[in-house]
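Structure file model23.csv (CSV, C-alpha atoms) follows.
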chain,number,residue,atom,x,y,z
A,134,MET,CA,-6.4,-33.3,7.4
A,135,GLU,CA,-5.3,-30.8,4.8
A,136,GLY,CA,-7.9,-30.0,2.2
A,137,TRP,CA,-11.0,-29.7,4.4
A,138,VAL,CA,-12.4,-27.5,7.2
A,139,LYS,CA,-15.0,-28.3,9.9
A,140,ILE,CA,-18.2,-26.3,10.0
A,141,HIS,CA,-20.4,-27.2,13.0
A,142,SER,CA,-24.2,-27.1,12.6
A,143,LYS,CA,-24.3,-24.5,15.3
A,144,MET,CA,-23.3,-22.1,12.6
A,145,LEU,CA,-27.0,-22.0,11.7
A,146,LYS,CA,-27.4,-19.9,14.8
A,147,TRP,CA,-24.4,-17.6,14.1
A,148,GLU,CA,-25.3,-13.9,14.1
A,149,TRP,CA,-24.1,-13.4,10.5
A,150,TYR,CA,-25.6,-16.6,9.1
A,151,THR,CA,-28.5,-14.7,7.5
A,152,ASP,CA,-26.2,-12.0,6.1
A,153,THR,CA,-25.4,-13.7,2.8
A,154,ASN,CA,-22.4,-11.6,1.9
A,155,THR,CA,-20.8,-11.9,5.3
A,156,LYS,CA,-21.4,-15.6,5.4
A,157,VAL,CA,-19.9,-16.1,2.0
A,158,VAL,CA,-16.9,-13.9,2.9
A,159,PHE,CA,-16.2,-15.9,6.1
A,160,ILE,CA,-16.5,-19.3,4.5
A,161,HIS,CA,-14.1,-18.1,1.8
A,162,CYS,CA,-11.7,-17.0,4.5
A,163,LEU,CA,-11.8,-20.5,6.1
A,164,LEU,CA,-11.1,-22.1,2.7
A,165,LYS,CA,-8.2,-19.8,1.9
A,166,ALA,CA,-6.4,-19.9,5.2
A,167,ASN,CA,-3.0,-21.7,5.3
A,168,PHE,CA,-3.2,-25.3,6.7
A,169,GLU,CA,0.5,-24.9,7.6
A,170,GLU,CA,2.7,-21.8,8.0
A,171,LYS,CA,4.6,-20.8,4.9
A,172,GLU,CA,7.1,-18.2,3.8
A,173,TRP,CA,5.9,-15.7,1.3
A,174,ARG,CA,8.0,-12.8,0.0
A,175,GLY,CA,10.2,-12.8,3.1
A,176,MET,CA,7.2,-13.0,5.5
A,177,LEU,CA,6.0,-15.9,7.7
A,178,ILE,CA,2.3,-16.5,6.9
A,179,GLU,CA,1.1,-18.6,9.8
A,180,ARG,CA,-1.4,-21.4,10.0
A,181,GLY,CA,-4.8,-19.9,9.9
A,182,GLN,CA,-3.7,-16.9,7.9
A,183,PHE,CA,-3.7,-16.0,4.3
A,184,VAL,CA,-2.7,-13.0,2.0
A,185,ALA,CA,-5.3,-11.2,-0.1
A,186,THR,CA,-6.2,-7.9,-1.7
A,187,ILE,CA,-9.7,-6.6,-1.6
A,188,SER,CA,-10.0,-6.6,-5.3
A,189,SER,CA,-8.8,-10.2,-5.7
A,190,PHE,CA,-11.0,-11.3,-2.8
A,191,ALA,CA,-14.0,-9.6,-4.4
A,192,GLY,CA,-13.4,-11.3,-7.7
A,193,GLU,CA,-13.2,-14.7,-6.1
A,194,VAL,CA,-16.5,-14.4,-4.3
A,195,ASN,CA,-18.3,-12.4,-7.0
A,196,LEU,CA,-19.0,-9.4,-4.7
A,197,THR,CA,-18.0,-5.8,-5.1
A,198,PRO,CA,-14.9,-4.5,-3.2
A,199,ALA,CA,-17.2,-2.3,-1.1
A,200,GLN,CA,-19.3,-5.3,-0.1
A,201,VAL,CA,-16.2,-7.3,0.8
A,202,ARG,CA,-14.9,-4.5,3.0
A,203,ILE,CA,-18.2,-4.1,4.8
A,204,SER,CA,-18.4,-7.9,5.5
A,205,LEU,CA,-14.8,-8.0,6.7
A,206,GLU,CA,-15.6,-5.0,9.1
A,207,LYS,CA,-18.5,-7.0,10.5
A,208,LEU,CA,-16.3,-10.2,11.0
A,209,LYS,CA,-13.6,-8.1,12.7
A,210,SER,CA,-16.1,-6.5,15.1
A,211,THR,CA,-17.3,-9.9,16.4
A,212,GLY,CA,-13.9,-11.5,16.6
A,213,GLU,CA,-14.1,-14.0,13.7
A,214,ILE,CA,-11.0,-12.5,12.0
A,215,ALA,CA,-8.2,-10.1,12.4
A,216,ILE,CA,-6.7,-8.0,9.6
A,217,LYS,CA,-3.3,-6.4,9.2
A,218,THR,CA,-2.8,-4.3,6.1
A,219,THR,CA,0.2,-3.1,4.1
A,220,ASN,CA,0.1,-0.8,1.1
A,221,LYS,CA,-0.2,-3.7,-1.3
A,222,PHE,CA,-2.0,-6.5,0.5
A,223,SER,CA,-3.7,-7.6,3.7
A,224,VAL,CA,-2.9,-10.6,6.0
A,225,ILE,CA,-6.2,-12.0,7.3
A,226,THR,CA,-6.1,-14.3,10.4
A,227,ILE,CA,-8.9,-16.7,11.3
A,228,SER,CA,-9.5,-16.5,15.0
A,229,ASN,CA,-9.7,-19.8,16.8
A,230,TYR,CA,-8.6,-21.5,13.6
A,231,GLU,CA,-8.1,-24.8,15.4
A,232,SER,CA,-11.9,-25.1,16.0
A,233,TYR,CA,-12.3,-25.3,12.2
A,234,GLN,CA,-9.2,-27.2,11.1
A,235,SER,CA,-7.5,-29.3,13.7
A,236,VAL,CA,-4.7,-31.8,13.2
A,237,GLY,CA,-4.0,-35.2,14.7
A,238,SER,CA,-0.9,-34.4,16.8
A,239,LYS,CA,1.4,-31.8,18.1
A,240,GLN,CA,4.1,-33.1,15.9
A,241,GLN,CA,2.2,-32.2,12.8
A,242,GLN,CA,1.6,-28.7,14.0
A,243,THR,CA,5.2,-28.0,14.9
A,244,LYS,CA,7.2,-29.9,12.2
A,245,LYS,CA,7.4,-26.9,9.9
A,246,GLN,CA,8.7,-24.7,12.7
A,247,SER,CA,11.7,-27.0,13.4
A,248,ASN,CA,13.0,-26.3,9.9
A,249,LEU,CA,12.9,-22.5,10.0
A,250,THR,CA,15.3,-20.0,11.5
A,251,GLN,CA,12.5,-19.0,13.7
A,252,ASN,CA,14.0,-16.1,15.6
A,253,SER,CA,14.7,-14.0,12.5
A,254,LYS,CA,11.5,-14.8,10.7
A,255,GLN,CA,9.3,-14.2,13.8
A,256,LEU,CA,11.1,-10.9,14.3
A,257,LEU,CA,10.3,-9.8,10.8
A,258,HIS,CA,6.7,-10.9,11.3
A,259,ASN,CA,6.3,-9.1,14.7
A,260,ASN,CA,7.8,-5.9,13.4
A,261,LEU,CA,5.4,-5.9,10.4
A,262,ILE,CA,2.4,-6.3,12.7
A,263,LEU,CA,3.5,-4.1,15.7
A,264,ASN,CA,4.5,-1.2,13.5
A,265,PHE,CA,1.0,-1.0,12.2
A,266,ASP,CA,-0.4,-1.0,15.8
A,267,ASN,CA,1.9,1.9,16.8
A,268,THR,CA,0.8,4.2,14.0
A,269,GLU,CA,-2.8,3.6,14.8
A,270,GLU,CA,-2.7,6.1,17.6
A,271,LYS,CA,-1.5,8.9,15.4
A,272,LYS,CA,-4.9,9.0,13.6
A,273,GLU,CA,-7.0,9.0,16.8
A,274,ASN,CA,-8.7,12.2,15.8
A,275,ILE,CA,-10.3,10.6,12.7
A,276,SER,CA,-10.8,7.1,14.2
A,277,ILE,CA,-14.3,5.6,14.1
A,278,SER,CA,-15.0,3.6,17.3
A,279,ASN,CA,-17.3,0.8,18.1
A,280,ASP,CA,-20.0,1.7,20.7
A,281,ILE,CA,-22.9,-0.1,22.2
A,282,ASP,CA,-25.1,3.0,21.6
A,283,ILE,CA,-25.0,2.3,17.8
A,284,GLN,CA,-27.6,-0.3,17.9
A,285,LYS,CA,-28.2,-1.2,14.2
A,286,ASN,CA,-24.7,-2.0,13.2
A,287,PRO,CA,-21.9,-1.3,15.7
A,288,SER,CA,-19.3,-3.1,13.7
A,289,LEU,CA,-19.3,-0.6,11.0
A,290,TYR,CA,-17.5,2.0,13.1
A,291,ASP,CA,-15.1,-0.4,14.8
A,292,ASN,CA,-11.7,1.1,13.7
A,293,GLU,CA,-9.5,-1.1,15.8
A,294,ASP,CA,-7.6,-2.6,12.9
A,295,PHE,CA,-7.8,0.2,10.4
A,296,GLN,CA,-4.3,1.0,9.1
A,297,PRO,CA,-3.9,4.7,8.4
A,298,GLN,CA,-0.2,4.5,7.8
A,299,ILE,CA,-0.8,3.1,4.3
A,300,ILE,CA,-2.7,6.3,3.3
A,301,LYS,CA,-0.8,9.3,2.1
A,302,THR,CA,-3.2,12.0,3.4
A,303,GLU,CA,-6.0,12.6,5.8
A,304,ASP,CA,-8.3,13.0,2.8
A,305,ASP,CA,-7.5,9.5,1.8
A,306,VAL,CA,-8.3,8.1,5.2
A,307,LEU,CA,-11.6,10.0,5.2
A,308,ARG,CA,-12.4,8.7,1.7
A,309,GLU,CA,-12.0,5.2,3.0
A,310,ARG,CA,-14.4,5.9,5.8
A,311,PHE,CA,-16.8,7.7,3.5
A,312,GLU,CA,-16.9,4.6,1.2
A,313,VAL,CA,-17.8,2.4,4.1
A,314,LEU,CA,-20.5,4.9,5.2
A,315,GLN,CA,-22.2,4.7,1.8
A,316,GLY,CA,-22.6,0.9,2.1
A,317,TRP,CA,-23.7,1.2,5.7
A,318,LEU,CA,-26.4,3.8,4.8
A,319,LYS,CA,-27.8,1.5,2.2
A,320,ASP,CA,-28.0,-1.4,4.6
A,321,THR,CA,-29.1,0.5,7.7
A,322,CYS,CA,-30.8,3.8,6.8
A,323,PRO,CA,-33.1,3.3,3.8
A,324,THR,CA,-35.2,6.3,4.7
A,325,VAL,CA,-32.1,8.6,4.6
A,326,CYS,CA,-31.2,7.1,1.2
A,327,LYS,CA,-34.5,8.4,-0.2
A,328,VAL,CA,-33.6,12.1,0.4
A,329,GLU,CA,-33.1,14.0,-2.8
A,330,ARG,CA,-29.6,15.3,-2.2
A,331,GLN,CA,-27.3,12.7,-0.5
A,332,LEU,CA,-24.2,13.5,1.6
A,333,THR,CA,-21.2,14.3,-0.5
A,334,PHE,CA,-17.6,13.6,0.4
A,335,GLU,CA,-16.9,17.3,1.0
A,336,GLN,CA,-19.9,17.5,3.3
A,337,PHE,CA,-18.8,14.4,5.1
A,338,LYS,CA,-15.4,16.0,5.6
A,339,SER,CA,-17.1,19.1,7.0
A,340,LEU,CA,-19.1,17.1,9.5
A,341,MET,CA,-16.1,15.1,10.5
A,342,SER,CA,-14.1,18.3,11.3
A,343,LEU,CA,-16.7,19.1,13.9
A,344,TYR,CA,-18.2,15.8,15.2
A,345,THR,CA,-17.0,12.2,15.7
A,346,ALA,CA,-18.1,9.5,13.3
A,347,LYS,CA,-20.0,7.9,16.2
A,348,GLU,CA,-22.1,11.0,16.7
A,349,ILE,CA,-22.7,11.3,12.9
A,350,ALA,CA,-23.9,7.7,12.8
A,351,LYS,CA,-26.2,8.1,15.7
A,352,VAL,CA,-27.8,11.2,14.1
A,353,LEU,CA,-28.2,9.5,10.7
A,354,GLU,CA,-30.0,6.6,12.5
A,355,LYS,CA,-32.2,9.0,14.3
A,356,LEU,CA,-33.1,10.8,11.0
A,357,ASP,CA,-33.9,7.4,9.5
A,358,GLU,CA,-36.7,7.0,12.1
A,359,TRP,CA,-38.5,10.1,10.8
A,360,PRO,CA,-41.3,8.6,8.6
A,361,ASP,CA,-41.7,11.8,6.6
A,362,TYR,CA,-38.1,12.7,6.5
A,363,PRO,CA,-37.6,12.6,2.7
A,364,LYS,CA,-40.6,15.0,2.3
A,365,LYS,CA,-39.5,17.4,5.1
A,366,ARG,CA,-35.9,17.8,4.0
A,367,SER,CA,-34.2,17.7,0.6
A,368,THR,CA,-30.6,17.6,1.9
A,369,VAL,CA,-29.0,15.0,4.1
A,370,TYR,CA,-26.1,17.3,5.1
A,371,ARG,CA,-28.3,20.2,6.3
A,372,SER,CA,-30.6,18.0,8.3
A,373,ALA,CA,-27.7,16.0,9.8
A,374,LEU,CA,-25.9,19.2,10.7
A,375,ASP,CA,-29.0,20.7,12.4
A,376,GLU,CA,-29.6,17.5,14.4
A,377,LEU,CA,-25.9,17.3,15.4
A,378,LYS,CA,-26.1,20.8,16.7
A,379,SER,CA,-29.3,20.0,18.6
A,380,MET,CA,-27.9,16.8,20.1
A,381,TYR,CA,-24.2,17.7,20.8
A,382,GLY,CA,-24.1,21.5,20.6
A,383,GLU,CA,-22.7,23.8,18.0
A,384,ARG,CA,-19.0,23.4,17.5
A,385,THR,CA,-16.2,25.1,15.5
A,386,ALA,CA,-13.4,23.4,13.6
A,387,THR,CA,-10.8,24.6,16.1
A,388,MET,CA,-12.3,22.4,18.8
A,389,GLY,CA,-10.8,19.3,17.1

What would you get if you wrote out this structure as structure tokens?
Amino acid sequence: MEGWVKIHSKMLKWEWYTDTNTKVVFIHCLLKANFEEKEWRGMLIERGQFVATISSFAGEVNLTPAQVRISLEKLKSTGEIAIKTTNKFSVITISNYESYQSVGSKQQQTKKQSNLTQNSKQLLHNNLILNFDNTEEKKENISISNDIDIQKNPSLYDNEDFQPQIIKTEDDVLRERFEVLQGWLKDTCPTVCKVERQLTFEQFKSLMSLYTAKEIAKVLEKLDEWPDYPKKRSTVYRSALDELKSMYGERTATMG
């Protein structure tokens, strides 16, 4: 029935249940999702989907935009949600929405569809989504991929749904990744965060011109395991670069 969602007690064993921010973000997504598909500004927003911006979402759950982004990244990585982004808003989809909000009959689920000119509206919707997927490949050189070797937080570097086509320059794409990195460091690498001079955006750009984000993340996690790291080194950039050279070899920017 419209107006409620089902939450099973097995959610107590859900991997993000003790992550307060991510739990709040996901429950908010469940409550915001459309019960029935609706037209919105020429788009078909389907059952189990809703439209949001990071800033409005953050205000609704009393979190910072960075906290919301990090939690959404986590939820994407484990398949709870999917996100498609335009230059003004995002369409968030709850995966397996029927398990949270089922209806009594097939008639209820399809009655709205019978009143729509489905072909034209679905074509518009598909074009909106598929065009984003096609442009994803163009930014492969700066993509950040999920990998089982990143043990502490693999979802942070899952770039499957990142939408570079809404960004004007490569710098803007890297700034987005740098912002995520800052939140990830606070959650995952507290020892690194104690070093006197933290990684700057320009230094992050320099590292990304030589190494992949996965390699950088693995090195930062390794540095975080050094108990005397803040005393031994005063600069995250220099120690990270030295360790990258040691682990992956010295590279030049022309290597791509």

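In this model, the gap between CA of Val194 in chain A and CA of Asn220 in chain A comes to 22.1 Å.
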
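Residue nearest Asp305 in chain A within the list A:Glu231, A:Glu206, A:Lys338, A:Thr219: A:Lys338 [criterion: smallest interatomic distance, all atoms listed in the file].
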
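Across A:Trp317, A:Trp149, A:Phe190, A:Trp137, the tightest approach to Leu164 in chain A is made by A:Trp137 when counting all atoms listed in the file.
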
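Taking CA of Gln331 in chain A and CA of Val306 in chain A as the two end points, the separation is 20.4 Å.
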
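With CA of Phe183 in chain A on one side and CA of Ala166 in chain A on the other, the separation reads 4.8 Å.
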
Handout entry: Using all atoms listed in the file: which of A:Ser210, A:Thr155, A:Asn167, A:Thr324 has the shortest distance to Leu196 in chain A
Key = A:Thr155

Completion exercise
If you count only C-alpha atoms, the residue of A:Glu193, A:Lys327, A:Asn154, A:Tyr381 closest to Thr368 in chain A turns out to be A:Lys327

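If all atoms listed in the file are the atoms counted, then among A:Val201, A:Tyr230, A:Thr333, A:Gly175 the closest residue to Ile140 in chain A is A:Tyr230.
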
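The smallest atom-to-atom distance between Glu179 in chain A and any of A:Thr226, A:Thr218, A:Thr153, A:Ser142, using all atoms listed in the file, is found for A:Thr226.
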
Got a sec to check which residues sit within 7 Å of (-21.1, 12.8, 2.4), counting all atoms listed in the file, and write them as a short mmCIF file (atom, residue, chain, number, x, y, z; two decimals) with C-alpha atoms, in the coordinates of the input?
data_model
loop_
_atom_site.label_atom_id
_atom_site.label_comp_id
_atom_site.auth_asym_id
_atom_site.auth_seq_id
_atom_site.Cartn_x
_atom_site.Cartn_y
_atom_site.Cartn_z
CA PHE A 311 -16.80 7.70 3.50
CA GLN A 331 -27.30 12.70 -0.50
CA LEU A 332 -24.20 13.50 1.60
CA THR A 333 -21.20 14.30 -0.50
CA PHE A 334 -17.60 13.60 0.40
CA GLU A 335 -16.90 17.30 1.00
CA GLN A 336 -19.90 17.50 3.30
CA PHE A 337 -18.80 14.40 5.10
#
